[in-house]
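Coordinates as given in model_3.pdb (PDB, C-alpha atoms):
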```pdb
MODEL        1
ATOM      1  CA  MET X  70       6.825  78.690   4.245
ATOM      2  CA  SER X  71       6.402  82.395   4.954
ATOM      3  CA  VAL X  72       3.919  84.215   2.721
ATOM      4  CA  LEU X  73       4.086  87.993   2.349
ATOM      5  CA  MET X  74       0.631  89.412   3.096
ATOM      6  CA  PRO X  75      -0.628  92.932   2.347
ATOM      7  CA  MET X  76      -2.573  93.428   5.553
ATOM      8  CA  ASP X  77      -0.205  91.748   8.022
ATOM      9  CA  LYS X  78       0.536  95.147   9.590
ATOM     10  CA  LEU X  79      -1.505  98.281  10.118
ATOM     11  CA  PRO X  80      -0.765 101.129   7.744
ATOM     12  CA  GLY X  81       1.591 103.816   8.991
ATOM     13  CA  LEU X  82       0.259 107.337   9.120
ATOM     14  CA  ASN X  83       1.445 109.091   5.962
ATOM     15  CA  LYS X  84       3.946 106.284   5.178
ATOM     16  CA  ALA X  85       4.183 104.404   1.900
ATOM     17  CA  THR X  86       6.426 101.382   1.462
ATOM     18  CA  ILE X  87       7.454  99.715  -1.783
ATOM     19  CA  LEU X  88       9.326  96.442  -2.143
ATOM     20  CA  LEU X  89      11.513  96.065  -5.236
ATOM     21  CA  VAL X  90      12.368  92.412  -5.888
ATOM     22  CA  GLY X  91      14.993  91.441  -8.438
ATOM     23  CA  THR X  92      18.414  89.934  -8.981
ATOM     24  CA  GLU X  93      20.122  93.080 -10.327
ATOM     25  CA  ASP X  94      21.351  94.852  -7.183
ATOM     26  CA  ALA X  95      22.833  97.882  -8.932
ATOM     27  CA  LEU X  96      19.733  98.563 -11.059
ATOM     28  CA  LEU X  97      17.399  98.145  -8.082
ATOM     29  CA  GLN X  98      19.498 100.530  -6.015
ATOM     30  CA  GLN X  99      19.555 103.116  -8.825
ATOM     31  CA  LEU X 100      15.769 102.855  -9.173
ATOM     32  CA  ALA X 101      15.340 103.169  -5.399
ATOM     33  CA  ASP X 102      17.597 106.244  -5.334
ATOM     34  CA  ALA X 103      15.614 107.816  -8.183
ATOM     35  CA  MET X 104      12.353 107.155  -6.317
ATOM     36  CA  LEU X 105      13.684 108.747  -3.141
ATOM     37  CA  GLN X 106      14.539 111.903  -5.120
ATOM     38  CA  GLU X 107      10.907 112.317  -6.206
ATOM     39  CA  ASP X 108       8.597 114.752  -4.451
ATOM     40  CA  CYS X 109       6.228 112.727  -2.332
ATOM     41  CA  ALA X 110       3.733 113.955   0.241
ATOM     42  CA  SER X 111       4.122 110.626   2.061
ATOM     43  CA  GLU X 112       7.165 109.356   3.924
ATOM     44  CA  LEU X 113       8.538 107.086   1.230
ATOM     45  CA  GLN X 114      10.288 103.850   2.179
ATOM     46  CA  VAL X 115      11.960 101.649  -0.430
ATOM     47  CA  HIS X 116      13.032  98.115   0.433
ATOM     48  CA  LEU X 117      15.112  95.913  -1.863
ATOM     49  CA  ALA X 118      15.134  92.118  -1.940
ATOM     50  CA  LYS X 119      16.840  89.599  -4.189
ATOM     51  CA  SER X 120      14.166  87.011  -3.511
ATOM     52  CA  LEU X 121      11.245  86.028  -1.318
ATOM     53  CA  PRO X 122      10.369  85.028   1.334
ATOM     54  CA  LEU X 123      11.650  87.932   3.359
ATOM     55  CA  PRO X 124      13.281  87.119   6.680
ATOM     56  CA  SER X 125      10.846  87.177   9.591
ATOM     57  CA  ASN X 126      11.315  90.581  11.128
ATOM     58  CA  GLY X 127       8.839  92.155  13.522
ATOM     59  CA  SER X 128      10.086  95.648  12.698
ATOM     60  CA  ARG X 129       9.486  95.326   8.942
ATOM     61  CA  PRO X 130       6.880  97.871   7.791
ATOM     62  CA  ARG X 131       3.706  97.057   5.936
ATOM     63  CA  ILE X 132       4.346  96.654   2.192
ATOM     64  CA  ASP X 133       1.973  98.755   0.075
ATOM     65  CA  LEU X 134       3.297  97.802  -3.380
ATOM     66  CA  ILE X 135       5.536  95.009  -4.688
ATOM     67  CA  VAL X 136       7.426  95.475  -7.953
ATOM     68  CA  PHE X 137       9.060  92.392  -9.462
ATOM     69  CA  VAL X 138      11.898  93.601 -11.682
ATOM     70  CA  ILE X 139      12.794  91.222 -14.512
ATOM     71  CA  ASN X 140      15.984  91.780 -16.474
ATOM     72  CA  LEU X 141      15.215  90.507 -19.966
ATOM     73  CA  HIS X 142      18.918  89.770 -20.451
ATOM     74  CA  SER X 143      18.909  87.144 -17.677
ATOM     75  CA  LYS X 144      16.971  83.879 -17.573
ATOM     76  CA  TYR X 145      17.910  83.645 -13.895
ATOM     77  CA  SER X 146      16.099  86.942 -13.247
ATOM     78  CA  PHE X 147      12.890  85.567 -14.784
ATOM     79  CA  GLN X 148      13.163  82.243 -12.922
ATOM     80  CA  ASN X 149      13.778  84.063  -9.648
ATOM     81  CA  VAL X 150      10.571  86.078 -10.046
ATOM     82  CA  GLU X 151       8.601  82.927 -10.855
ATOM     83  CA  GLU X 152       9.923  81.272  -7.685
ATOM     84  CA  CYS X 153       9.186  84.349  -5.558
ATOM     85  CA  LEU X 154       5.536  84.523  -6.597
ATOM     86  CA  CYS X 155       4.594  81.503  -4.465
ATOM     87  CA  HIS X 156       5.584  83.555  -1.385
ATOM     88  CA  VAL X 157       3.060  86.331  -2.103
ATOM     89  CA  ASP X 158      -0.473  86.322  -0.726
ATOM     90  CA  SER X 159      -3.147  86.452  -3.426
ATOM     91  CA  ARG X 160      -4.548  89.746  -2.067
ATOM     92  CA  PHE X 161      -1.477  91.545  -3.424
ATOM     93  CA  PHE X 162      -2.807  90.733  -6.897
ATOM     94  CA  LEU X 163      -5.662  93.169  -6.305
ATOM     95  CA  GLY X 164      -3.652  96.128  -7.560
ATOM     96  CA  LYS X 165      -0.716  96.037  -5.139
ATOM     97  CA  LEU X 166       1.764  94.191  -7.351
ATOM     98  CA  CYS X 167       3.268  94.816 -10.757
ATOM     99  CA  PHE X 168       6.009  93.500 -12.992
ATOM    100  CA  LEU X 169       8.693  95.707 -14.485
ATOM    101  CA  ALA X 170      10.651  94.342 -17.466
ATOM    102  CA  SER X 171      13.989  96.023 -18.089
ATOM    103  CA  GLY X 172      16.169  95.812 -21.166
ATOM    104  CA  ALA X 173      13.537  95.403 -23.889
ATOM    105  CA  GLY X 174      15.140  98.185 -25.924
ATOM    106  CA  ARG X 175      18.042  95.893 -26.833
ATOM    107  CA  GLU X 176      16.038  92.898 -28.002
ATOM    108  CA  SER X 177      19.008  91.257 -29.718
ATOM    109  CA  HIS X 178      20.628  90.761 -26.280
ATOM    110  CA  CYS X 179      17.503  89.368 -24.572
ATOM    111  CA  SER X 180      17.627  85.894 -23.020
ATOM    112  CA  VAL X 181      13.984  86.115 -21.978
ATOM    113  CA  HIS X 182      11.473  86.693 -24.749
ATOM    114  CA  GLN X 183       9.025  89.508 -24.147
ATOM    115  CA  SER X 184       6.064  87.150 -24.681
ATOM    116  CA  MET X 185       7.124  85.101 -21.622
ATOM    117  CA  VAL X 186       6.908  88.175 -19.409
ATOM    118  CA  VAL X 187       3.600  89.236 -20.951
ATOM    119  CA  LYS X 188       2.222  85.744 -20.274
ATOM    120  CA  LEU X 189       3.462  85.855 -16.666
ATOM    121  CA  ALA X 190       1.780  89.209 -16.040
ATOM    122  CA  HIS X 191      -1.413  87.982 -17.703
ATOM    123  CA  THR X 192      -1.399  84.772 -15.624
ATOM    124  CA  TYR X 193      -1.220  86.802 -12.410
ATOM    125  CA  ARG X 194      -3.542  89.498 -13.756
ATOM    126  CA  SER X 195      -1.046  92.166 -12.814
ATOM    127  CA  PRO X 196       0.259  95.193 -14.697
ATOM    128  CA  LEU X 197       3.436  94.925 -16.727
ATOM    129  CA  LEU X 198       5.629  97.977 -17.212
ATOM    130  CA  PHE X 199       8.581  98.220 -19.594
ATOM    131  CA  CYS X 200      11.588 100.402 -18.927
ATOM    132  CA  ASP X 201      15.273 100.267 -19.728
ATOM    133  CA  LEU X 202      16.548 100.955 -16.212
ATOM    134  CA  GLU X 203      20.101 101.422 -17.468
ATOM    135  CA  VAL X 204      19.066 104.688 -19.165
ATOM    136  CA  GLU X 205      18.903 107.453 -16.556
ATOM    137  CA  SER X 206      16.038 109.419 -18.144
ATOM    138  CA  PHE X 207      13.874 106.279 -18.458
ATOM    139  CA  ARG X 208      14.743 105.263 -14.880
ATOM    140  CA  ALA X 209      13.744 108.719 -13.594
ATOM    141  CA  SER X 210      10.446 108.557 -15.457
ATOM    142  CA  MET X 211       9.730 105.072 -14.099
ATOM    143  CA  ALA X 212      10.639 106.196 -10.573
ATOM    144  CA  GLN X 213       8.093 109.006 -10.853
ATOM    145  CA  ARG X 214       5.432 106.588 -12.085
ATOM    146  CA  LEU X 215       6.147 104.058  -9.321
ATOM    147  CA  VAL X 216       5.985 106.740  -6.622
ATOM    148  CA  ARG X 217       2.559 107.774  -7.898
ATOM    149  CA  MET X 218       1.389 104.146  -7.984
ATOM    150  CA  LEU X 219       2.740 103.642  -4.466
ATOM    151  CA  GLN X 220       0.850 106.649  -3.123
ATOM    152  CA  ILE X 221      -2.360 105.223  -4.587
ATOM    153  CA  CYS X 222      -1.686 101.718  -3.212
ATOM    154  CA  ALA X 223      -0.945 103.171   0.233
ATOM    155  CA  GLY X 224      -4.313 104.964   0.194
ATOM    156  CA  HIS X 225      -2.852 108.482   0.094
ATOM    157  CA  VAL X 226      -4.686 109.658  -3.026
ATOM    158  CA  PRO X 227      -8.309 110.523  -2.224
ATOM    159  CA  GLY X 228     -10.889 108.885  -4.462
ATOM    160  CA  VAL X 229      -8.516 106.371  -6.070
ATOM    161  CA  SER X 230      -7.850 102.854  -4.806
ATOM    162  CA  ALA X 231      -5.407 100.146  -5.841
ATOM    163  CA  LEU X 232      -8.279  98.394  -7.642
ATOM    164  CA  ASN X 233      -9.042 101.572  -9.587
ATOM    165  CA  LEU X 234      -5.384 101.790 -10.512
ATOM    166  CA  LEU X 235      -5.350  98.145 -11.598
ATOM    167  CA  SER X 236      -8.341  98.720 -13.847
ATOM    168  CA  LEU X 237      -6.721 101.825 -15.383
ATOM    169  CA  LEU X 238      -3.419 100.052 -16.000
ATOM    170  CA  ARG X 239      -5.145  97.082 -17.604
ATOM    171  CA  SER X 240      -7.117  99.255 -19.982
ATOM    172  CA  SER X 241      -4.114 101.239 -21.125
ATOM    173  CA  GLU X 242      -2.078  99.889 -23.981
ATOM    174  CA  SER X 243       1.383  98.553 -23.369
ATOM    175  CA  PRO X 244       4.085 100.567 -25.096
ATOM    176  CA  SER X 245       5.627  99.100 -28.184
ATOM    177  CA  LEU X 246       9.293  98.190 -28.197
ATOM    178  CA  GLU X 247      10.006 101.177 -30.429
ATOM    179  CA  GLU X 248       8.763 103.542 -27.699
ATOM    180  CA  LEU X 249      11.237 102.172 -25.160
TER
ENDMDL
END
```

Would you write out, as C-alpha cells, the structure that this file holds?
Amino acid sequence: MSVLMPMDKLPGLNKATILLVGTEDALLQQLADAMLQEDCASELQVHLAKSLPLPSNGSRPRIDLIVFVINLHSKYSFQNVEECLCHVDSRFFLGKLCFLASGAGRESHCSVHQSMVVKLAHTYRSPLLFCDLEVESFRASMAQRLVRMLQICAGHVPGVSALNLLSLLRSSESPSLEEL
C-alpha cells in the first residue's frame, strides 16, 4: 500500500503544489481553473485525483496541501474520501490537509448530512470549508482562499506556518448554512 507523505520530496524553489481529491471531475477542474487564474507569487501547480493512492511516479512533485472535496449530494463522494484517508501519512494532518464540502446550500438535495462531514473533519483534526462549487462567485472566492492556504503550507509566507494556519482555522467559526 502506497502512502502519500508530505516530505517524500524536497520542496521546489518558489513552487507550490495542491492536490484536489474528489469524485466530481467537472467541479474539480473548474476549481483548479479558478485557482490558476489567481495572482500567486509562487509557481502554482494543481493536481487532480479521483482517489488515492496516486500512481507511483518519480516525476510527481511534492504535495504541499491536500484538499478532499466532498459533494454533499453523493454518498459515493463521502465514501471515497473515507477510503482515501488511509493512504495519507499522518504528518499531512499537521495543517497540510483540509476538507471542502460542496452543495450545502441546497440541503434538501443532500445525500450526506452535514454532521457526518463535520464529524469526519473533527476525527482527523483538520479544517472543514463549505462552498457551493457550482456557483461561480463562491468557487472564485474559495479558489482565492485555497491559493492563500497553499502558499502558507508551501512555506512561502514569512512568519506563518501550516501549524499556525491550522490553529487559526480551528479557532474561526464555521459559516452557517445561511451564509453559503

Distance table requested - region 146-176 of chain X against region 130-137 of chain X, cut-off 7 Å, all atoms listed in the file: one row per qualifying residue with the closest atom pair and its distance in Å to one decimal, ordered by chain and rising residue number, as CSV.
```
residue,atom,partner,partner_atom,distance
X:Val150,CA,X:Phe137,CA,6.5
X:Lys165,CA,X:Leu134,CA,4.7
X:Leu166,CA,X:Ile135,CA,4.7
X:Cys167,CA,X:Val136,CA,5.1
X:Phe168,CA,X:Phe137,CA,4.8
X:Leu169,CA,X:Phe137,CA,6.0
```

Neighbours of point (8.9, 86.9, -1.1) within 12 Å, using all atoms listed in the file, written as an MDAnalysis selection string: chainID X and resid 70:75 88:91 117:125 132 135:137 149:158 161 166

Residues within 10 Å of Asp108 (chain X), all atoms listed in the file, excluding chain neighbours under 5 positions, as an NGL selection string: :X and (113 or 213 or 216-217)

Using the selection just defined, write its residues with C-alpha atoms as an mmCIF file, in the frame of the given file.
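The result, stored in out-v4.cif:
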```
data_model
loop_
_atom_site.group_PDB
_atom_site.id
_atom_site.type_symbol
_atom_site.label_atom_id
_atom_site.label_comp_id
_atom_site.auth_asym_id
_atom_site.auth_seq_id
_atom_site.Cartn_x
_atom_site.Cartn_y
_atom_site.Cartn_z
ATOM 1 C CA LEU X 113 8.538 107.086 1.230
ATOM 2 C CA GLN X 213 8.093 109.006 -10.853
ATOM 3 C CA VAL X 216 5.985 106.740 -6.622
ATOM 4 C CA ARG X 217 2.559 107.774 -7.898
#
```

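Reported to one decimal place, the separation of CA of Ile139 (chain X) from CA of Asp102 (chain X) is 18.2 Å.
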
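Comparing X:Ser195, X:Val226, X:Asp94, X:Ser206 by their smallest distance to Arg160 (chain X), the closest is X:Ser195 (using only C-alpha atoms).
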
Selection under test: the PyMOL selection byres ((chain X and resi 214) around 12); residues as a count of residues only: 26

Expansion of the PyMOL selection byres ((chain X and resi 173-189) around 8) into residues, as a ChimeraX atom specification: /X:141-144,147,170-172,190-193,197,199-201,246-247,249

Keeping only C-alpha atoms, write the selected residues as a PDB file, in the frame of the given file.
```pdb
ATOM      1  CA  LEU X 141      15.215  90.507 -19.966  1.00  0.00           C
ATOM      2  CA  HIS X 142      18.918  89.770 -20.451  1.00  0.00           C
ATOM      3  CA  SER X 143      18.909  87.144 -17.677  1.00  0.00           C
ATOM      4  CA  LYS X 144      16.971  83.879 -17.573  1.00  0.00           C
ATOM      5  CA  PHE X 147      12.890  85.567 -14.784  1.00  0.00           C
ATOM      6  CA  ALA X 170      10.651  94.342 -17.466  1.00  0.00           C
ATOM      7  CA  SER X 171      13.989  96.023 -18.089  1.00  0.00           C
ATOM      8  CA  GLY X 172      16.169  95.812 -21.166  1.00  0.00           C
ATOM      9  CA  ALA X 190       1.780  89.209 -16.040  1.00  0.00           C
ATOM     10  CA  HIS X 191      -1.413  87.982 -17.703  1.00  0.00           C
ATOM     11  CA  THR X 192      -1.399  84.772 -15.624  1.00  0.00           C
ATOM     12  CA  TYR X 193      -1.220  86.802 -12.410  1.00  0.00           C
ATOM     13  CA  LEU X 197       3.436  94.925 -16.727  1.00  0.00           C
ATOM     14  CA  PHE X 199       8.581  98.220 -19.594  1.00  0.00           C
ATOM     15  CA  CYS X 200      11.588 100.402 -18.927  1.00  0.00           C
ATOM     16  CA  ASP X 201      15.273 100.267 -19.728  1.00  0.00           C
ATOM     17  CA  LEU X 246       9.293  98.190 -28.197  1.00  0.00           C
ATOM     18  CA  GLU X 247      10.006 101.177 -30.429  1.00  0.00           C
ATOM     19  CA  LEU X 249      11.237 102.172 -25.160  1.00  0.00           C
TER      20      LEU X 249
END
```

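Across the model, the gap from CA of Val138 (chain X) to CA of Glu203 (chain X) is 12.7 Å.
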
Where is the centre and how long are the edges: axis-aligned box on region 167-170 of chain X, 8 Å on each side, Å to one decimal, as lines of an AutoDock Vina configuration file:
```
center_x = 7.0
center_y = 94.6
center_z = -14.1
size_x = 23.4
size_y = 18.2
size_z = 22.7
```

Output of the PyMOL selection byres ((chain X and resi 85) around 6), listed as an MDAnalysis selection string: chainID X and resid 84 86 113 223

For CA of Gly228 (chain X) and CA of Gln114 (chain X), the interatomic separation in Å (one decimal): 22.8 Å
